[in-house]
file structure-v8.cif (mmCIF, C-alpha atoms)
data_target
#
loop_
_atom_site.label_atom_id
_atom_site.label_comp_id
_atom_site.auth_asym_id
_atom_site.auth_seq_id
_atom_site.Cartn_x
_atom_site.Cartn_y
_atom_site.Cartn_z
CA MET A 1 8.96 27.56 10.38
CA SER A 2 12.00 25.34 9.96
CA SER A 3 12.82 21.68 10.54
CA ASP A 4 15.34 19.07 9.47
CA VAL A 5 12.86 17.22 7.27
CA ILE A 6 9.57 18.01 5.56
CA ILE A 7 7.37 15.05 4.63
CA VAL A 8 4.73 15.80 2.01
CA GLY A 9 1.85 13.39 2.62
CA ALA A 10 0.18 12.07 5.77
CA GLY A 11 -0.73 8.63 4.51
CA ILE A 12 0.80 5.35 5.66
CA ILE A 13 4.18 6.02 4.02
CA GLY A 14 4.47 9.58 5.32
CA ALA A 15 3.36 8.52 8.80
CA ALA A 16 5.85 5.65 8.95
CA CYS A 17 8.66 7.95 7.79
CA ALA A 18 7.71 10.63 10.32
CA ARG A 19 7.78 8.11 13.16
CA VAL A 20 11.22 6.66 12.46
CA LEU A 21 12.86 9.97 11.54
CA ALA A 22 11.58 11.63 14.69
CA ALA A 23 12.84 8.65 16.69
CA ALA A 24 16.25 9.13 15.02
CA GLY A 25 16.41 12.62 16.51
CA LEU A 26 15.47 14.68 13.45
CA SER A 27 12.95 17.50 13.63
CA VAL A 28 10.05 16.65 11.32
CA THR A 29 7.19 18.56 9.72
CA VAL A 30 4.43 16.63 7.94
CA LEU A 31 2.28 18.53 5.43
CA ASP A 32 -0.92 17.27 3.82
CA GLY A 33 -3.47 19.06 1.71
CA ALA A 34 -6.32 17.24 3.39
CA ALA A 35 -6.01 15.03 6.49
CA ALA A 36 -4.34 11.87 7.77
CA ALA A 37 -5.07 8.78 5.63
CA SER A 38 -7.40 10.84 3.44
CA GLY A 39 -6.04 9.40 0.20
CA THR A 40 -4.95 5.91 -0.77
CA SER A 41 -4.28 4.72 2.80
CA GLY A 42 -7.87 5.22 3.89
CA GLN A 43 -9.38 3.52 0.85
CA GLY A 44 -7.83 0.06 0.94
CA GLU A 45 -8.15 -3.20 2.82
CA GLY A 46 -4.96 -2.92 4.86
CA ASN A 47 -3.13 -5.76 3.14
CA ILE A 48 0.28 -6.89 4.37
CA LEU A 49 1.08 -9.57 1.82
CA VAL A 50 3.97 -11.72 0.72
CA SER A 51 1.75 -14.11 -1.22
CA ASP A 52 1.38 -11.86 -4.27
CA LYS A 53 5.06 -10.98 -4.74
CA GLU A 54 7.46 -12.83 -6.97
CA PRO A 55 11.06 -13.33 -5.83
CA GLY A 56 12.96 -10.09 -6.17
CA PRO A 57 13.44 -6.69 -4.52
CA GLU A 58 9.79 -6.03 -3.67
CA LEU A 59 9.48 -9.38 -1.91
CA VAL A 60 12.65 -8.70 0.08
CA LEU A 61 11.23 -5.36 1.19
CA ALA A 62 7.89 -7.03 2.00
CA GLN A 63 9.58 -9.66 4.16
CA ARG A 64 11.53 -7.01 6.04
CA SER A 65 8.36 -4.97 6.51
CA LEU A 66 6.46 -7.99 7.80
CA THR A 67 9.05 -8.43 10.54
CA LEU A 68 8.64 -4.78 11.50
CA TRP A 69 4.83 -5.03 11.53
CA GLU A 70 5.08 -7.94 13.96
CA ASN A 71 6.79 -5.66 16.47
CA LEU A 72 4.90 -2.41 15.91
CA GLU A 73 2.25 -2.68 18.63
CA ALA A 74 4.84 -3.43 21.31
CA GLU A 75 7.01 -0.56 20.11
CA LEU A 76 4.08 1.85 20.20
CA ASP A 77 3.47 0.83 23.80
CA ASP A 78 6.97 2.09 24.60
CA GLU A 79 6.85 5.21 22.40
CA LEU A 80 3.49 6.68 23.37
CA PRO A 81 2.60 8.25 26.71
CA ALA A 82 0.47 5.87 28.77
CA ALA A 83 -2.49 8.25 28.78
CA VAL A 84 -2.43 8.46 24.99
CA ARG A 85 -1.94 4.73 24.48
CA ALA A 86 -4.91 4.02 26.75
CA VAL A 87 -7.33 5.82 24.44
CA LEU A 88 -5.70 5.10 21.07
CA PRO A 89 -7.20 2.03 19.35
CA THR A 90 -4.88 -0.80 18.39
CA THR A 91 -3.87 -1.10 14.76
CA GLU A 92 -5.90 -4.34 14.54
CA TYR A 93 -2.85 -6.12 13.17
CA GLU A 94 -3.73 -9.75 12.51
CA ARG A 95 -1.70 -12.44 10.81
CA LYS A 96 -4.84 -14.04 9.45
CA GLY A 97 -3.10 -15.83 6.59
CA GLY A 98 -4.06 -16.03 2.96
CA LEU A 99 -5.48 -18.70 0.70
CA VAL A 100 -4.96 -18.47 -3.05
CA VAL A 101 -7.19 -20.73 -5.13
CA ALA A 102 -7.39 -21.80 -8.74
CA THR A 103 -10.72 -22.94 -10.16
CA THR A 104 -9.51 -24.11 -13.57
CA GLN A 105 -6.89 -26.61 -14.64
CA ALA A 106 -5.19 -23.90 -16.70
CA ASP A 107 -4.59 -21.81 -13.58
CA ALA A 108 -3.55 -24.66 -11.29
CA GLY A 109 -0.07 -25.27 -12.72
CA PRO A 110 1.07 -21.62 -12.77
CA LEU A 111 -0.19 -21.13 -9.19
CA LEU A 112 1.82 -24.09 -7.89
CA ASP A 113 4.89 -23.06 -9.90
CA PHE A 114 4.71 -19.54 -8.45
CA ALA A 115 4.47 -20.95 -4.92
CA ARG A 116 7.52 -23.14 -5.52
CA GLU A 117 9.55 -20.13 -6.65
CA GLN A 118 8.44 -18.23 -3.55
CA ARG A 119 9.48 -21.06 -1.23
CA GLU A 120 12.97 -20.82 -2.71
CA ALA A 121 12.90 -17.18 -1.55
CA SER A 122 11.90 -18.21 2.02
CA VAL A 123 8.17 -17.53 1.70
CA ASP A 124 5.96 -19.91 3.68
CA ALA A 125 3.84 -21.09 0.74
CA ARG A 126 2.03 -24.35 1.44
CA PRO A 127 0.21 -26.17 -1.37
CA VAL A 128 -2.98 -27.76 -0.06
CA ASP A 129 -5.44 -30.16 -1.65
CA ARG A 130 -9.15 -29.48 -2.10
CA ALA A 131 -10.07 -31.09 1.20
CA GLU A 132 -7.58 -28.96 3.13
CA ALA A 133 -8.66 -25.81 1.28
CA MET A 134 -12.24 -26.51 2.31
CA ARG A 135 -11.17 -27.15 5.88
CA LEU A 136 -9.49 -23.75 5.95
CA GLU A 137 -12.45 -22.12 4.20
CA PRO A 138 -15.58 -24.28 4.52
CA SER A 139 -17.64 -22.02 2.24
CA VAL A 140 -15.17 -21.93 -0.65
CA THR A 141 -16.29 -23.40 -3.97
CA PRO A 142 -15.71 -27.16 -4.32
CA ALA A 143 -14.46 -26.43 -7.85
CA VAL A 144 -10.97 -25.72 -6.48
CA THR A 145 -8.31 -27.25 -8.73
CA ALA A 146 -5.29 -26.06 -6.68
CA ALA A 147 -4.70 -23.94 -3.62
CA VAL A 148 -1.82 -22.47 -1.64
CA HIS A 149 -1.97 -21.42 1.99
CA TYR A 150 0.17 -18.43 3.05
CA PRO A 151 0.25 -18.26 6.87
CA GLU A 152 2.39 -15.10 6.85
CA ASP A 153 -0.16 -12.84 5.15
CA ALA A 154 -1.56 -10.25 7.53
CA GLN A 155 -3.92 -7.31 7.74
CA VAL A 156 -4.07 -4.04 9.63
CA GLN A 157 -6.57 -1.20 9.98
CA PRO A 158 -4.68 1.37 7.90
CA ALA A 159 -6.35 4.57 9.10
CA ILE A 160 -5.70 3.66 12.74
CA ALA A 161 -2.11 2.66 11.92
CA VAL A 162 -1.53 6.04 10.28
CA GLU A 163 -2.92 7.91 13.30
CA ALA A 164 -0.87 5.78 15.71
CA MET A 165 2.40 6.42 13.89
CA LEU A 166 1.72 10.13 13.50
CA THR A 167 0.91 10.28 17.20
CA ALA A 168 4.21 8.57 17.98
CA ALA A 169 6.02 11.08 15.77
CA ARG A 170 4.21 13.97 17.43
CA ALA A 171 5.21 12.63 20.85
CA ARG A 172 8.84 13.10 19.74
CA GLY A 173 8.27 16.66 18.57
CA ALA A 174 7.02 16.25 15.00
CA VAL A 175 4.66 18.93 13.69
CA ILE A 176 1.68 17.71 11.63
CA GLN A 177 -0.14 20.29 9.50
CA TYR A 178 -3.30 19.46 7.56
CA GLY A 179 -5.12 21.45 4.89
CA GLU A 180 -1.81 22.79 3.62
CA PRO A 181 -1.00 21.61 0.08
CA VAL A 182 2.45 22.22 -1.35
CA THR A 183 2.45 24.75 -4.18
CA GLY A 184 6.15 25.18 -4.97
CA ALA A 185 9.77 25.00 -3.91
CA LEU A 186 12.12 27.20 -1.90
CA TRP A 187 15.74 27.33 -3.02
CA SER A 188 19.01 28.19 -1.33
CA PRO A 189 21.56 30.42 -3.12
CA ASP A 190 23.54 27.37 -4.21
CA GLY A 191 20.50 25.83 -5.96
CA ARG A 192 19.63 23.34 -3.27
CA LEU A 193 16.04 22.70 -2.22
CA SER A 194 15.58 24.47 1.12
CA GLY A 195 11.89 23.95 1.77
CA VAL A 196 8.44 24.32 0.23
CA ARG A 197 5.81 26.93 -0.36
CA THR A 198 2.30 26.05 0.73
CA THR A 199 -1.07 27.78 0.57
CA HIS A 200 -0.32 29.08 4.08
CA GLY A 201 3.26 30.25 3.63
CA SER A 202 6.81 28.94 3.58
CA VAL A 203 8.20 25.95 5.45
CA PHE A 204 11.98 25.48 5.53
CA ALA A 205 13.94 22.23 5.82
CA GLY A 206 17.23 20.74 4.74
CA GLN A 207 15.48 17.69 3.24
CA VAL A 208 12.05 17.28 1.62
CA ILE A 209 10.45 13.84 1.22
CA VAL A 210 7.64 13.33 -1.27
CA ALA A 211 5.28 10.67 0.10
CA ALA A 212 2.12 11.85 -1.59
CA GLY A 213 0.93 8.57 -3.09
CA PRO A 214 -0.70 8.97 -6.53
CA TRP A 215 -0.21 12.75 -6.31
CA SER A 216 3.56 12.36 -5.96
CA GLY A 217 4.28 13.01 -9.63
CA LYS A 218 2.51 16.35 -9.42
CA VAL A 219 4.25 17.31 -6.18
CA ALA A 220 7.65 16.33 -7.60
CA ALA A 221 7.03 18.53 -10.63
CA ARG A 222 6.24 21.48 -8.34
CA LEU A 223 9.58 20.88 -6.64
CA GLY A 224 11.58 20.89 -9.87
CA SER A 225 11.82 17.16 -10.61
CA ALA A 226 9.99 14.47 -12.56
CA LEU A 227 8.67 11.13 -11.36
CA PRO A 228 6.40 8.90 -13.47
CA VAL A 229 3.87 8.13 -10.70
CA ARG A 230 0.31 7.94 -12.00
CA PRO A 231 -3.01 7.13 -10.33
CA ARG A 232 -4.40 3.64 -10.87
CA ARG A 233 -7.96 3.40 -9.63
CA GLY A 234 -9.48 0.50 -7.72
CA VAL A 235 -13.03 -0.31 -6.61
CA MET A 236 -14.17 -2.23 -3.53
CA LEU A 237 -17.58 -3.66 -2.62
CA VAL A 238 -18.66 -3.93 1.01
CA THR A 239 -21.48 -6.30 1.96
CA ALA A 240 -24.00 -5.91 4.75
CA ARG A 241 -23.10 -7.64 8.00
CA MET A 242 -23.48 -11.39 8.05
CA PRO A 243 -22.35 -14.41 10.07
CA HIS A 244 -18.59 -14.88 9.84
CA ARG A 245 -17.95 -17.34 7.00
CA ILE A 246 -14.59 -16.25 5.55
CA PHE A 247 -11.55 -16.75 7.77
CA HIS A 248 -8.54 -15.78 5.64
CA LYS A 249 -7.74 -13.34 2.89
CA VAL A 250 -8.85 -15.37 -0.12
CA TYR A 251 -8.06 -14.50 -3.69
CA ASP A 252 -7.99 -16.19 -7.04
CA ALA A 253 -4.90 -17.28 -8.93
CA ASN A 254 -5.29 -14.44 -11.45
CA TYR A 255 -4.69 -11.73 -8.86
CA VAL A 256 -0.90 -11.69 -9.24
CA GLY A 257 -1.25 -11.18 -12.98
CA ALA A 258 -3.65 -8.28 -12.49
CA VAL A 259 -1.31 -6.62 -10.01
CA GLY A 260 1.68 -6.99 -12.30
CA SER A 261 -0.07 -5.85 -15.47
CA GLY A 262 0.96 -2.49 -16.86
CA ASP A 263 -2.13 -2.30 -19.06
CA ALA A 264 -4.15 0.88 -18.60
CA ALA A 265 -7.38 -1.03 -19.27
CA LEU A 266 -9.53 -2.61 -16.57
CA GLN A 267 -7.98 -5.54 -14.67
CA THR A 268 -10.12 -7.46 -12.18
CA SER A 269 -9.66 -10.46 -9.91
CA SER A 270 -11.22 -11.81 -6.73
CA VAL A 271 -9.88 -10.69 -3.36
CA ILE A 272 -12.28 -11.47 -0.53
CA GLU A 273 -12.13 -11.23 3.26
CA SER A 274 -14.29 -10.66 6.30
CA THR A 275 -13.90 -7.77 8.71
CA ALA A 276 -14.22 -7.77 12.48
CA ALA A 277 -17.50 -5.87 12.06
CA GLY A 278 -19.05 -8.75 10.10
CA THR A 279 -18.97 -7.20 6.64
CA VAL A 280 -17.16 -8.78 3.67
CA LEU A 281 -14.74 -6.76 1.54
CA VAL A 282 -14.87 -7.78 -2.12
CA GLY A 283 -12.32 -6.59 -4.67
CA SER A 284 -10.38 -5.91 -6.66
CA SER A 285 -9.96 -3.83 -9.78
CA ARG A 286 -7.25 -1.76 -11.46
CA ARG A 287 -7.68 0.81 -14.19
CA ARG A 288 -5.57 3.80 -15.21
CA GLN A 289 -8.00 6.63 -15.86
CA GLY A 290 -6.34 9.64 -14.29
CA PHE A 291 -8.18 10.97 -11.26
CA ASP A 292 -11.60 10.17 -12.71
CA SER A 293 -13.66 9.03 -9.71
CA SER A 294 -16.95 8.37 -11.48
CA LEU A 295 -18.81 5.15 -10.62
CA ASP A 296 -17.23 2.21 -12.44
CA LEU A 297 -20.14 -0.14 -13.12
CA GLU A 298 -18.06 -2.42 -15.35
CA ALA A 299 -15.55 -3.02 -12.57
CA MET A 300 -18.31 -3.60 -10.02
CA ARG A 301 -20.01 -6.23 -12.20
CA GLU A 302 -16.77 -8.10 -12.88
CA ILE A 303 -15.70 -8.05 -9.24
CA ALA A 304 -19.07 -9.34 -8.05
CA ALA A 305 -19.20 -12.10 -10.66
CA LYS A 306 -15.70 -13.36 -9.92
CA ALA A 307 -16.27 -13.29 -6.16
CA THR A 308 -19.28 -15.59 -6.42
CA ARG A 309 -17.14 -18.15 -8.26
CA ILE A 310 -14.91 -18.38 -5.19
CA PHE A 311 -17.67 -18.11 -2.57
CA PRO A 312 -21.03 -19.02 -4.14
CA PHE A 313 -22.95 -17.90 -1.03
CA LEU A 314 -22.02 -14.30 -1.82
CA ALA A 315 -24.57 -14.36 -4.66
CA GLU A 316 -27.21 -13.82 -1.96
CA ALA A 317 -25.30 -11.07 -0.13
CA SER A 318 -26.41 -7.44 -0.16
CA VAL A 319 -23.88 -4.77 -1.07
CA MET A 320 -23.99 -2.04 1.56
CA ARG A 321 -21.63 0.38 -0.13
CA VAL A 322 -19.05 0.80 -2.89
CA TYR A 323 -15.91 2.87 -2.64
CA GLY A 324 -12.89 3.50 -4.78
CA GLY A 325 -9.44 4.97 -4.47
CA PHE A 326 -6.27 5.71 -6.39
CA ARG A 327 -3.08 3.69 -6.09
CA PRO A 328 0.32 5.23 -6.97
CA PHE A 329 1.39 3.30 -10.08
CA MET A 330 4.98 3.14 -11.34
CA PRO A 331 5.82 1.78 -14.81
CA ASP A 332 8.18 -0.91 -13.49
CA HIS A 333 5.97 -1.79 -10.47
CA LEU A 334 8.64 -0.90 -7.92
CA PRO A 335 8.41 2.03 -5.50
CA ALA A 336 10.80 4.96 -5.66
CA ILE A 337 12.68 5.22 -2.35
CA GLY A 338 15.70 7.46 -1.95
CA PRO A 339 17.30 10.72 -3.08
CA ASP A 340 16.37 12.57 -6.25
CA LEU A 341 19.60 13.08 -8.19
CA ARG A 342 18.16 16.01 -10.16
CA VAL A 343 17.25 18.12 -7.14
CA PRO A 344 19.62 18.15 -4.15
CA GLY A 345 17.64 17.92 -0.92
CA LEU A 346 14.66 16.15 -2.51
CA TRP A 347 13.77 12.55 -1.56
CA HIS A 348 11.04 10.14 -2.65
CA ALA A 349 9.06 7.47 -0.83
CA THR A 350 6.22 6.65 -3.18
CA GLY A 351 4.96 4.50 -6.05
CA HIS A 352 3.99 1.41 -4.02
CA GLU A 353 0.68 1.01 -5.86
CA GLY A 354 -1.49 -1.39 -3.82
CA ALA A 355 1.33 -2.61 -1.56
CA GLY A 356 1.96 0.60 0.37
CA ILE A 357 0.41 -0.57 3.64
CA GLY A 358 2.50 -3.70 3.76
CA LEU A 359 5.72 -2.04 2.55
CA SER A 360 5.41 1.13 4.63
CA LEU A 361 7.54 0.14 7.61
CA GLY A 362 10.36 -1.25 5.48
CA THR A 363 10.21 1.82 3.26
CA ALA A 364 10.50 4.16 6.24
CA GLU A 365 13.41 2.20 7.68
CA LEU A 366 15.23 2.21 4.34
CA LEU A 367 14.72 5.94 3.85
CA ARG A 368 15.86 6.68 7.40
CA ASP A 369 19.05 4.66 6.90
CA LEU A 370 19.81 6.44 3.63
CA LEU A 371 19.21 9.85 5.20
CA THR A 372 21.30 9.16 8.29
CA GLY A 373 24.08 7.22 6.55
CA ASP A 374 23.38 3.92 8.28
CA THR A 375 23.65 0.56 6.49
CA PRO A 376 20.20 -0.41 5.18
CA ALA A 377 18.70 -3.80 5.96
CA VAL A 378 17.73 -4.20 2.29
CA ASP A 379 19.55 -3.22 -0.90
CA PRO A 380 18.36 0.30 -1.84
CA GLU A 381 19.57 0.18 -5.43
CA PRO A 382 16.48 -1.44 -7.02
CA PHE A 383 14.29 1.29 -5.51
CA SER A 384 16.47 4.25 -6.46
CA PRO A 385 14.53 7.11 -8.09
CA ALA A 386 17.48 7.30 -10.49
CA ARG A 387 17.33 3.65 -11.55
CA PRO A 388 17.38 2.84 -15.29
CA GLY A 389 14.02 3.41 -16.92
CA ILE A 390 12.63 5.47 -14.06
CA ALA A 391 12.30 8.49 -16.31
CA ALA A 392 10.08 6.55 -18.70
CA THR A 393 6.92 8.42 -19.57
CA LEU A 394 3.45 6.96 -19.68
CA PRO A 395 0.93 7.49 -22.47
CA ASP A 396 -1.32 10.51 -22.12
CA GLU A 397 -4.15 9.85 -19.70
CA PRO A 398 -7.38 11.68 -18.90
CA HIS A 399 -7.04 15.18 -17.49
CA GLU A 400 -6.01 15.25 -13.86
CA PRO A 401 -7.62 18.02 -11.77
CA ASP A 402 -5.51 20.47 -9.82
CA GLU A 403 -6.89 19.44 -6.43
CA ASP A 404 -4.31 17.59 -4.36
CA ALA A 405 -4.36 15.37 -1.31
CA ALA A 406 -0.85 16.45 -0.36
#
call {"tool": "encode", "arguments": {"input": "structure-v8.cif", "output": "structure tokens"}}
result
Amino acid sequence: MSSDVIIVGAGIIGAACARVLAAAGLSVTVLDGAAAASGTSGQGEGNILVSDKEPGPELVLAQRSLTLWENLEAELDDELPAAVRAVLPTTEYERKGGLVVATTQADAGPLLDFAREQREASVDARPVDRAEAMRLEPSVTPAVTAAVHYPEDAQVQPAIAVEAMLTAARARGAVIQYGEPVTGALWSPDGRLSGVRTTHGSVFAGQVIVAAGPWSGKVAARLGSALPVRPRRGVMLVTARMPHRIFHKVYDANYVGAVGSGDAALQTSSVIESTAAGTVLVGSSRRRQGFDSSLDLEAMREIAAKATRIFPFLAEASVMRVYGGFRPFMPDHLPAIGPDLRVPGLWHATGHEGAGIGLSLGTAELLRDLLTGDTPAVDPEPFSPARPGIAATLPDEPHEPDEDAA
């Protein structure tokens, strides 16, 4: 089988890339060792955030992506056959807004300073007093010392979004193959990558895109390159259904620091929101421990304790289930998007850590423009897989099993 482009990974990044590349007229094959959204994309909250990003390249990409998310549902209406669109659920995109709160005087100043810097970068970051914070979230702790409202923050149902974009790609001729992990590379006589070997045979293409989330480093190695993507595990608590008492995505002022930390040790902060089904999602944690998926009781205890400081009523809530997943961590906290200069024909779209849902549409657009020679809407240089320091290695981590999701 042959196509113009192979995409390794059927998560949110791979699906977004497949959709826009197929729309650009390229023939596309998507390969995944498991199924759509079976890795990181199916194990997160569906965040589309600008509130947690400091001014710089990632924020620019997030702002571009947010614009694209605003238009996605309408575009899918045009791209999908009416019979398919009638039975396909919506992506549940909602600009619900975010509220970031500090509960100590020490955290109040840095939170307000961060918001001021974001406003200078065109983020709608609105400081609110305690009374306004409690109007927005009546059940929030009265111990709020500072708060910032972010009306632009949004949420989507990531598994449905993945299926919708893959369906749109398929409607334009893309081939999606599951249960077919990549095991090695195919090479042309001149040393260029010409496709991949899988457990089911050979697939040929002029370009190969690695969009395999936390498994991307392993896939890149099988294709003759090196990329310092590592798994960073997170844990989420899900409560039993209850009356709707949380109306925004609410997190504490320490969340940005936890996201930006490069420490391999456990990092926790409060990120809390309700779902349409009436449950409450309670996170979050970060720990680099390879692909170890054992139950993390320490993370669960810290998450639960910090959540009750923001919403005291959660102390009486029952936890219905706990789940965890692996985020694709990069040492400099920026994704790798673009061509691999070591291996001609190899491209990367990975390393977004916990921001992949929100950044997916901007990432796909940027990669498409680079592939087709169009002028990108954002500067690609900061995301180049060949950028300074990208070859940095991480300390040895626990053994990673051979099983792959891509």
call {"tool": "closest_atom_pairs", "arguments": {"input": "structure-v8.cif", "of": "region 45-140 of chain A", "to": "region 374-385 of chain A", "cutoff": "9 Å", "atoms": "only C-alpha atoms", "output": "tab-separated table"}}
result
residue	atom	partner	partner_atom	distance
A:Pro57	CA	A:Pro382	CA	6.6
A:Glu58	CA	A:Pro382	CA	8.8
A:Val60	CA	A:Val378	CA	7.1
A:Leu61	CA	A:Val378	CA	6.7
A:Arg64	CA	A:Val378	CA	7.8
call {"tool": "residues_around", "arguments": {"input": "structure-v8.cif", "residues": "region 7-13 of chain A", "least_positions_apart": "3", "cutoff": "9 Å", "atoms": "all atoms listed in the file", "output": "number ranges by chain"}}
result
A: 16-18, 28-42, 158-159, 161-163, 165-166, 176, 178, 181-182, 207-213, 216, 219, 349-350, 356-357, 359-361, 363-364, 405-406
call {"tool": "closest_residue", "arguments": {"input": "structure-v8.cif", "among": "A:Ala83, A:Val238, A:Ala23, A:Ile337", "to": "Ala304 (chain A)", "atoms": "only C-alpha atoms"}}
result
A:Val238
call {"tool": "closest_residue", "arguments": {"input": "structure-v8.cif", "among": "A:Ala317, A:Ala168, A:Ile6, A:Ala265", "to": "Asp77 (chain A)", "atoms": "all atoms listed in the file"}}
result
A:Ala168
call {"tool": "closest_atom_pairs", "arguments": {"input": "structure-v8.cif", "of": "region 32-77 of chain A", "to": "region 98-112 of chain A", "cutoff": "10 Å", "atoms": "all atoms listed in the file", "output": "CSV"}}
result
residue,atom,partner,partner_atom,distance
A:Leu49,CA,A:Gly98,CA,8.3
A:Val50,CA,A:Gly98,CA,9.4
A:Ser51,CA,A:Gly98,CA,7.4
A:Asp52,CA,A:Val100,CA,9.2
call {"tool": "resolve_selection", "arguments": {"input": "structure-v8.cif", "expression": "the PyMOL selection byres ((chain A and resi 259) around 10)", "output": "list in words"}}
result
Asp52, Lys53, Asn254, Tyr255, Val256, Gly257, Ala258, Gly260, Ser261, Gly262, Gln267, Thr268, Ser269, Ser284, Ser285, Arg286, His333, Glu353, Gly354 and Ala355 of chain A
call {"tool": "resolve_selection", "arguments": {"input": "structure-v8.cif", "expression": "the PyMOL selection byres ((chain A and resi 203) around 6)", "output": "ChimeraX atom specification"}}
result
/A:1-2,195-196,202,204
call {"tool": "residues_around", "arguments": {"input": "structure-v8.cif", "residues": "Ala221 (chain A)", "least_positions_apart": "5", "cutoff": "10 Å", "atoms": "only C-alpha atoms", "output": "ChimeraX atom specification"}}
result
/A:184-185,216,226-227
